[in-house]
$ cat my_file.txt   # compact mmCIF, C-alpha atoms
# COMPACT_ATOMS: atom_id res chain seq x y z
CA MET A 1 117.38 87.40 107.03
CA ILE A 2 116.27 88.74 103.67
CA ARG A 3 114.55 92.13 103.58
CA LEU A 4 111.21 92.33 101.81
CA GLU A 5 110.89 95.97 100.75
CA PRO A 6 108.35 97.08 100.06
CA PHE A 7 106.17 94.29 101.43
CA CYS A 8 102.79 94.37 99.68
CA LEU A 9 99.54 92.46 99.84
CA CYS A 10 98.29 91.41 96.43
CA THR A 11 94.56 92.09 96.33
CA ASN A 12 93.88 88.75 94.62
CA SER A 13 94.25 87.38 98.16
CA VAL A 14 90.69 88.63 98.64
CA PRO A 15 88.32 86.64 96.39
CA GLY A 16 85.88 88.46 94.17
CA SER A 17 85.85 91.57 92.03
CA ASP A 18 85.22 94.16 94.77
CA LEU A 19 88.43 96.20 94.84
CA LEU A 20 87.30 98.46 97.68
CA HIS A 21 86.65 95.46 99.89
CA ALA A 22 90.09 94.07 99.05
CA LEU A 23 91.67 97.40 100.02
CA ASP A 24 89.76 97.37 103.30
CA VAL A 25 91.14 93.88 104.06
CA ALA A 26 94.68 95.03 103.25
CA ARG A 27 94.35 97.95 105.64
CA ALA A 28 92.70 95.83 108.35
CA CYS A 29 95.74 93.54 108.20
CA GLY A 30 98.12 96.48 108.64
CA PHE A 31 99.47 96.78 105.08
CA THR A 32 100.43 100.12 103.60
CA HIS A 33 101.51 98.80 100.15
CA VAL A 34 99.38 96.77 97.75
CA GLU A 35 99.58 95.09 94.38
CA LEU A 36 96.29 95.55 92.53
CA ALA A 37 94.86 92.54 90.71
CA ALA A 38 94.07 92.85 87.01
CA ILE A 39 94.60 89.16 86.16
CA ASP A 40 92.78 87.99 83.06
CA GLY A 41 90.15 85.38 83.90
CA VAL A 42 91.25 84.96 87.52
CA SER A 43 91.02 88.17 89.56
CA GLU A 44 89.83 91.17 87.59
CA GLN A 45 89.39 93.72 90.37
CA ILE A 46 90.69 96.22 87.82
CA ASP A 47 88.87 95.80 84.50
CA VAL A 48 90.95 97.91 82.14
CA ASP A 49 88.55 97.47 79.23
CA ARG A 50 85.96 99.52 81.12
CA LEU A 51 88.15 102.02 82.96
CA THR A 52 87.45 105.71 82.51
CA PRO A 53 89.60 108.60 83.76
CA GLY A 54 87.02 109.03 86.50
CA ASP A 55 87.48 105.39 87.55
CA VAL A 56 91.24 105.88 87.80
CA ALA A 57 90.71 108.94 89.97
CA ARG A 58 88.37 106.96 92.22
CA VAL A 59 91.00 104.21 92.61
CA ARG A 60 93.58 106.79 93.60
CA SER A 61 91.14 108.34 96.07
CA ALA A 62 90.31 104.91 97.54
CA LEU A 63 94.00 104.22 98.07
CA ASP A 64 94.69 107.64 99.58
CA SER A 65 91.72 107.50 101.96
CA ARG A 66 93.01 104.20 103.38
CA GLY A 67 96.63 105.26 103.62
CA LEU A 68 97.63 102.74 100.94
CA VAL A 69 100.23 102.95 98.19
CA CYS A 70 99.87 100.95 94.98
CA HIS A 71 103.39 99.65 94.38
CA ALA A 72 102.52 97.09 91.70
CA VAL A 73 99.81 95.85 89.36
CA SER A 74 99.24 92.18 88.57
CA GLY A 75 98.64 92.49 84.85
CA HIS A 76 98.91 88.79 84.02
CA CYS A 77 97.89 87.85 80.51
CA ASP A 78 99.00 85.85 77.50
CA MET A 79 101.33 88.35 75.83
CA THR A 80 101.20 86.37 72.56
CA ASP A 81 97.45 86.83 72.18
CA PRO A 82 96.60 90.15 70.48
CA ALA A 83 93.54 90.94 72.60
CA SER A 84 95.31 90.03 75.85
CA PHE A 85 98.37 92.03 74.85
CA SER A 86 96.20 95.04 74.09
CA ARG A 87 94.87 94.80 77.65
CA LEU A 88 98.42 94.57 79.01
CA LEU A 89 99.24 97.92 77.41
CA LYS A 90 96.15 99.38 79.09
CA LYS A 91 97.29 97.88 82.41
CA LEU A 92 100.66 99.55 82.00
CA ARG A 93 98.96 102.89 81.41
CA PHE A 94 96.70 102.33 84.41
CA ALA A 95 99.74 101.51 86.55
CA GLY A 96 101.42 104.73 85.48
CA ALA A 97 98.25 106.70 86.23
CA VAL A 98 97.95 105.38 89.81
CA GLY A 99 101.65 105.76 90.57
CA ALA A 100 102.58 102.06 90.57
CA ARG A 101 106.25 101.22 90.09
CA VAL A 102 105.85 97.67 88.73
CA VAL A 103 103.63 95.63 86.42
CA ASN A 104 103.88 91.84 86.68
CA THR A 105 102.75 89.59 83.84
CA ARG A 106 103.10 86.10 82.50
CA CYS A 107 104.30 85.61 78.93
CA GLY A 108 102.58 82.93 76.84
CA PRO A 109 103.22 79.54 75.23
CA PRO A 110 106.77 78.79 74.02
CA GLU A 111 105.56 77.89 70.52
CA ARG A 112 104.60 81.56 70.01
CA TYR A 113 107.97 82.90 71.17
CA PRO A 114 108.49 85.14 68.07
CA VAL A 115 105.19 86.91 68.80
CA PHE A 116 106.24 87.29 72.45
CA LEU A 117 109.52 88.91 71.37
CA GLU A 118 107.69 91.45 69.23
CA HIS A 119 105.18 92.25 71.95
CA VAL A 120 107.60 92.39 74.87
CA ARG A 121 109.62 95.03 73.03
CA GLN A 122 106.51 97.17 72.62
CA ALA A 123 105.51 96.68 76.26
CA ALA A 124 109.01 97.44 77.54
CA ALA A 125 109.14 100.66 75.51
CA LEU A 126 105.80 101.80 76.95
CA ALA A 127 106.85 100.80 80.47
CA GLU A 128 110.03 102.87 80.15
CA GLU A 129 108.02 105.85 78.89
CA LEU A 130 105.68 105.55 81.89
CA GLY A 131 108.43 104.99 84.44
CA VAL A 132 107.11 101.53 85.29
CA ALA A 133 109.19 98.35 85.61
CA LEU A 134 107.95 95.46 83.45
CA GLN A 135 108.40 92.13 85.26
CA LEU A 136 108.01 88.71 83.62
CA GLU A 137 106.77 86.10 86.06
CA SER A 138 107.71 82.45 86.42
CA TYR A 139 104.65 80.67 85.09
CA GLY A 140 105.92 77.57 83.35
CA ASP A 141 105.40 79.08 79.90
CA ILE A 142 108.11 81.10 78.11
CA VAL A 143 109.46 82.05 81.53
CA GLY A 144 109.88 79.23 84.02
CA THR A 145 112.26 78.37 86.83
CA ALA A 146 115.27 80.48 87.79
CA ALA A 147 117.66 77.79 86.59
CA GLN A 148 116.00 77.54 83.17
CA CYS A 149 115.12 81.05 82.04
CA GLY A 150 118.55 82.59 81.57
CA PRO A 151 118.38 82.46 77.74
CA VAL A 152 115.08 84.36 77.69
CA PHE A 153 116.39 87.20 79.84
CA GLY A 154 119.72 87.16 78.04
CA ALA A 155 117.86 87.88 74.78
CA LEU A 156 115.97 90.72 76.48
CA ARG A 157 118.91 92.30 78.30
CA GLU A 158 118.72 95.59 76.44
CA LEU A 159 115.03 95.95 77.34
CA HIS A 160 115.67 96.02 81.10
CA VAL A 161 112.75 93.73 81.92
CA GLY A 162 112.90 91.96 85.28
CA TYR A 163 112.23 88.46 86.55
CA THR A 164 109.48 87.84 89.11
CA TYR A 165 109.88 84.61 91.05
CA ASP A 166 106.50 83.17 92.01
CA THR A 167 106.79 80.30 94.46
CA GLY A 168 103.19 79.13 94.06
CA ASN A 169 103.34 79.16 90.27
CA ASN A 170 106.56 77.14 90.32
CA PHE A 171 104.96 74.55 92.61
CA ARG A 172 101.90 74.43 90.37
CA PHE A 173 103.53 73.92 86.98
CA ALA A 174 105.98 71.40 88.49
CA ARG A 175 103.05 69.58 90.17
CA GLY A 176 104.98 69.86 93.42
CA GLN A 177 108.12 68.21 92.04
CA ILE A 178 110.56 71.08 92.53
CA ASP A 179 113.16 72.10 95.08
CA MET A 180 112.92 75.88 94.92
CA ALA A 181 115.84 76.52 97.26
CA ALA A 182 118.05 74.49 94.90
CA ASP A 183 116.51 76.24 91.88
CA LEU A 184 117.47 79.62 93.33
CA ARG A 185 120.98 78.45 94.18
CA ASP A 186 121.36 77.35 90.53
CA ALA A 187 119.63 80.45 89.15
CA ALA A 188 120.64 81.63 85.70
CA VAL A 189 119.05 85.00 86.45
CA THR A 190 118.52 86.73 89.80
CA PRO A 191 114.87 87.54 90.60
CA THR A 192 114.05 91.21 90.97
CA TYR A 193 110.54 90.73 92.41
CA LEU A 194 109.01 88.02 94.59
CA HIS A 195 105.47 86.71 94.64
CA LEU A 196 105.31 84.72 97.84
CA LYS A 197 102.76 81.92 98.06
CA ASP A 198 102.55 78.60 99.85
CA ALA A 199 100.83 75.59 98.32
CA SER A 200 100.04 71.93 98.78
CA LEU A 201 99.09 69.05 96.48
CA ARG A 202 96.46 66.64 97.77
CA ASP A 203 93.75 64.49 96.24
CA GLY A 204 94.73 65.62 92.76
CA TRP A 205 94.31 69.33 93.53
CA ILE A 206 96.79 72.12 94.20
CA TYR A 207 95.68 74.48 96.95
CA ASN A 208 97.04 77.85 98.00
CA GLU A 209 97.65 77.91 101.74
CA ALA A 210 98.57 80.36 104.44
CA ILE A 211 102.34 80.85 104.45
CA GLY A 212 103.80 78.07 106.57
CA GLY A 213 100.72 75.91 106.13
CA GLY A 214 101.64 74.27 102.85
CA GLN A 215 104.38 72.04 101.50
CA LEU A 216 106.91 74.72 100.49
CA ASP A 217 110.14 75.19 102.42
CA ILE A 218 109.59 78.93 102.88
CA PRO A 219 112.63 79.51 105.16
CA GLY A 220 114.87 77.58 102.75
CA ILE A 221 113.55 79.51 99.74
CA LEU A 222 114.09 82.86 101.42
CA SER A 223 117.56 81.87 102.60
CA ALA A 224 118.57 80.80 99.09
CA LEU A 225 117.19 84.04 97.68
CA GLU A 226 119.04 86.09 100.29
CA ALA A 227 122.30 84.53 99.08
CA ARG A 228 121.64 86.22 95.73
CA THR A 229 120.15 89.51 96.88
CA PRO A 230 119.87 90.99 100.38
CA ALA A 231 116.54 92.72 99.66
CA ILE A 232 113.73 92.31 97.17
CA PRO A 233 110.28 93.84 96.58
CA CYS A 234 107.67 91.27 97.56
CA SER A 235 103.94 90.77 97.25
CA LEU A 236 102.24 88.32 99.58
CA GLU A 237 99.84 86.36 97.40
CA LEU A 238 97.27 84.16 99.10
CA PRO A 239 94.74 83.31 96.37
CA ILE A 240 92.67 80.94 98.48
CA GLY A 241 89.69 81.68 96.23
CA PHE A 242 90.62 78.89 93.83
CA ARG A 243 92.28 75.50 93.55
CA VAL A 244 93.95 73.98 90.49
CA ARG A 245 93.50 70.46 89.14
CA ALA A 246 96.97 68.93 88.98
CA HIS A 247 96.62 66.90 85.79
CA ASP A 248 95.48 69.72 83.49
CA LEU A 249 96.01 72.87 85.64
CA SER A 250 92.37 73.90 85.26
CA PHE A 251 90.93 76.28 87.85
CA ALA A 252 88.02 75.67 90.20
CA PHE A 253 86.86 78.68 92.18
CA LEU A 254 86.20 78.58 95.93
CA HIS A 255 84.35 80.99 98.20
CA PRO A 256 86.10 81.47 101.55
CA ASP A 257 84.41 83.88 103.94
CA ASP A 258 85.97 87.12 105.17
CA GLY A 259 87.02 85.57 108.47
CA THR A 260 89.00 82.88 106.67
CA VAL A 261 90.69 85.46 104.44
CA LEU A 262 91.68 87.64 107.40
CA ARG A 263 93.04 84.68 109.38
CA THR A 264 95.02 83.48 106.35
CA VAL A 265 96.64 86.87 105.77
CA ARG A 266 97.40 87.52 109.44
CA SER A 267 98.83 84.05 110.12
CA SER A 268 101.01 84.38 107.00
CA VAL A 269 102.42 87.68 108.22
CA ASP A 270 103.07 86.22 111.67
CA TYR A 271 104.90 83.23 110.16
CA LEU A 272 107.06 85.40 107.91
CA ARG A 273 108.34 87.43 110.86
CA ARG A 274 110.45 84.34 111.71
CA CYS A 275 112.33 84.26 108.41
CA ALA A 276 112.28 87.72 106.80
CA VAL A 277 112.56 91.39 107.71
CA PHE A 278 109.77 93.70 106.52
CA ARG A 279 107.54 96.57 107.47
CA LEU A 280 103.83 96.64 106.82

$ encode --input "my_file.txt" --output "structure tokens"
Amino acid sequence: MIRLEPFCLCTNSVPGSDLLHALDVARACGFTHVELAAIDGVSEQIDVDRLTPGDVARVRSALDSRGLVCHAVSGHCDMTDPASFSRLLKKLRFAGAVGARVVNTRCGPPERYPVFLEHVRQAAALAEELGVALQLESYGDIVGTAAQCGPVFGALRELHVGYTYDTGNNFRFARGQIDMAADLRDAAVTPTYLHLKDASLRDGWIYNEAIGGGQLDIPGILSALEARTPAIPCSLELPIGFRVRAHDLSFAFLHPDDGTVLRTVRSSVDYLRRCAVFRL
């Protein structure tokens, strides 16, 4: 079985903007590693436009007091938009300040690829200076499926940026019409980070589910990934706080209670023990 190391909980699994509450949920579920959510317009538990040095110190203290390590930051933004890209640079600096090893981001629309190339070079240079790995996530924009995105990473080889495979994103932008195990077997580039979600499409909406509760072949995906790499850093992402309309991919926010969130995380961990090796 593939090793997930480290195995993190992404704090966007806990709806809302209260980071301390999300950290409490992570600890209550037994996690020691987290990925902090600074996702533009979706889960802004870290608002980098308002961060002060004192705020960064308080985040570090909150992590330490709970026995948590911030391994990654979800810094998702449109890298081709100047304002969003400016925030990404702040997210990289925040990640460096809290000791994170990774920043994950999406890229932007393919028609603005030249702007992306200019910006990704700047971001990669800053990431290297900070000792942080910059990871580009499968989102159905400039970076998509593993079988398709080889040319993008080939052009960026000298920048040492990595590829984050996001199972839920792939299901979403393909509207469920994707065999991810086959995609990984045909991969043009090997993922170096995994965002693990489950999902289902029903009544015109895409929902995020507990792992094992959706339509994804999680064991098959992990087996295909193991054939390419025996171990991979992984964040469990269970963003049950929204659903996505299939025809236009617009978001509608939901409000699950704490009990539902805890059950979703814990049942996902229990399911994954059957098909992966990890430590909380």

$ closest_residue --input "my_file.txt" --among "A:Ser65, A:Asn169, A:Ser267, A:Ser235" --to "Gly212 in chain A" --atoms "all atoms listed in the file"
A:Ser267

$ residues_around --input "my_file.txt" --residues "Thr264 in chain A" --least-positions-apart "3" --cutoff "12 Å" --atoms "all atoms listed in the file" --output "ChimeraX atom specification"
/A:9,13-14,25-26,29,197-198,208-214,236-241,256-261,267-271

$ write_last_selection --input "my_file.txt" --atoms "C-alpha atoms" --output "CSV table (one decimal), in the coordinates of the input"
chain,number,residue,atom,x,y,z
A,9,LEU,CA,99.5,92.5,99.8
A,13,SER,CA,94.2,87.4,98.2
A,14,VAL,CA,90.7,88.6,98.6
A,25,VAL,CA,91.1,93.9,104.1
A,26,ALA,CA,94.7,95.0,103.2
A,29,CYS,CA,95.7,93.5,108.2
A,197,LYS,CA,102.8,81.9,98.1
A,198,ASP,CA,102.6,78.6,99.8
A,208,ASN,CA,97.0,77.8,98.0
A,209,GLU,CA,97.6,77.9,101.7
A,210,ALA,CA,98.6,80.4,104.4
A,211,ILE,CA,102.3,80.8,104.4
A,212,GLY,CA,103.8,78.1,106.6
A,213,GLY,CA,100.7,75.9,106.1
A,214,GLY,CA,101.6,74.3,102.8
A,236,LEU,CA,102.2,88.3,99.6
A,237,GLU,CA,99.8,86.4,97.4
A,238,LEU,CA,97.3,84.2,99.1
A,239,PRO,CA,94.7,83.3,96.4
A,240,ILE,CA,92.7,80.9,98.5
A,241,GLY,CA,89.7,81.7,96.2
A,256,PRO,CA,86.1,81.5,101.6
A,257,ASP,CA,84.4,83.9,103.9
A,258,ASP,CA,86.0,87.1,105.2
A,259,GLY,CA,87.0,85.6,108.5
A,260,THR,CA,89.0,82.9,106.7
A,261,VAL,CA,90.7,85.5,104.4
A,267,SER,CA,98.8,84.0,110.1
A,268,SER,CA,101.0,84.4,107.0
A,269,VAL,CA,102.4,87.7,108.2
A,270,ASP,CA,103.1,86.2,111.7
A,271,TYR,CA,104.9,83.2,110.2

$ closest_residue --input "my_file.txt" --among "A:Cys275, A:Ala57, A:Leu4, A:Val115" --to "Thr192 in chain A" --atoms "all atoms listed in the file"
A:Leu4

$ closest_residue --input "my_file.txt" --among "A:Val120, A:Arg185, A:Asp18, A:Met180" --to "Leu159 in chain A" --atoms "only C-alpha atoms"
A:Val120

$ residues_around --input "my_file.txt" --residues "range 217-229 of chain A" --least-positions-apart "4" --cutoff "12 Å" --atoms "all atoms listed in the file" --output "PyMOL selection string"
chain A and resi 1-5+146+165-168+170-171+176+178-200+210-213+233-234+268+271-277

$ closest_residue --input "my_file.txt" --among "A:Leu68, A:Val42, A:His21, A:Thr164" --to "Leu254 in chain A" --atoms "only C-alpha atoms"
A:Val42

$ residues_around --input "my_file.txt" --residues "Phe94 in chain A" --least-positions-apart "6" --cutoff "12 Å" --atoms "all atoms listed in the file" --output "compact mmCIF listing (two decimals) with C-alpha atoms, in the frame of the given file"
# COMPACT_ATOMS: atom_id res chain seq x y z
CA LEU A 36 96.29 95.55 92.53
CA ALA A 37 94.86 92.54 90.71
CA ALA A 38 94.07 92.85 87.01
CA ILE A 46 90.69 96.22 87.82
CA ASP A 47 88.87 95.80 84.50
CA VAL A 48 90.95 97.91 82.14
CA ASP A 49 88.55 97.47 79.23
CA ARG A 50 85.96 99.52 81.12
CA LEU A 51 88.15 102.02 82.96
CA THR A 52 87.45 105.71 82.51
CA PRO A 53 89.60 108.60 83.76
CA GLY A 54 87.02 109.03 86.50
CA ASP A 55 87.48 105.39 87.55
CA VAL A 56 91.24 105.88 87.80
CA ALA A 57 90.71 108.94 89.97
CA VAL A 59 91.00 104.21 92.61
CA ARG A 60 93.58 106.79 93.60
CA CYS A 70 99.87 100.95 94.98
CA ALA A 72 102.52 97.09 91.70
CA VAL A 73 99.81 95.85 89.36
CA SER A 74 99.24 92.18 88.57
CA GLY A 75 98.64 92.49 84.85
CA ARG A 87 94.87 94.80 77.65
CA LEU A 88 98.42 94.57 79.01
CA ALA A 100 102.58 102.06 90.57
CA ARG A 101 106.25 101.22 90.09
CA VAL A 102 105.85 97.67 88.73
CA VAL A 103 103.63 95.63 86.42
CA LEU A 126 105.80 101.80 76.95
CA ALA A 127 106.85 100.80 80.47
CA LEU A 130 105.68 105.55 81.89
CA VAL A 132 107.11 101.53 85.29

$ residues_around --input "my_file.txt" --residues "Gly99 in chain A" --least-positions-apart "3" --cutoff "8 Å" --atoms "all atoms listed in the file" --output "ChimeraX atom specification"
/A:70-71,95-96

$ atom_distance --input "my_file.txt" --atom1 "CA of Pro82 in chain A" --atom2 "CA of Cys107 in chain A"
12.3 Å

$ atom_distance --input "my_file.txt" --atom1 "CA of Glu137 in chain A" --atom2 "CA of Arg106 in chain A"
5.1 Å

$ residues_around --input "my_file.txt" --residues "Arg202 in chain A" --least-positions-apart "4" --cutoff "10 Å" --atoms "only C-alpha atoms" --output "tab-separated table (two decimals) with C-alpha atoms, in the coordinates of the input"
chain	number	residue	atom	x	y	z
A	206	ILE	CA	96.79	72.12	94.20
A	207	TYR	CA	95.68	74.48	96.95
A	245	ARG	CA	93.50	70.46	89.14
A	246	ALA	CA	96.97	68.93	88.98
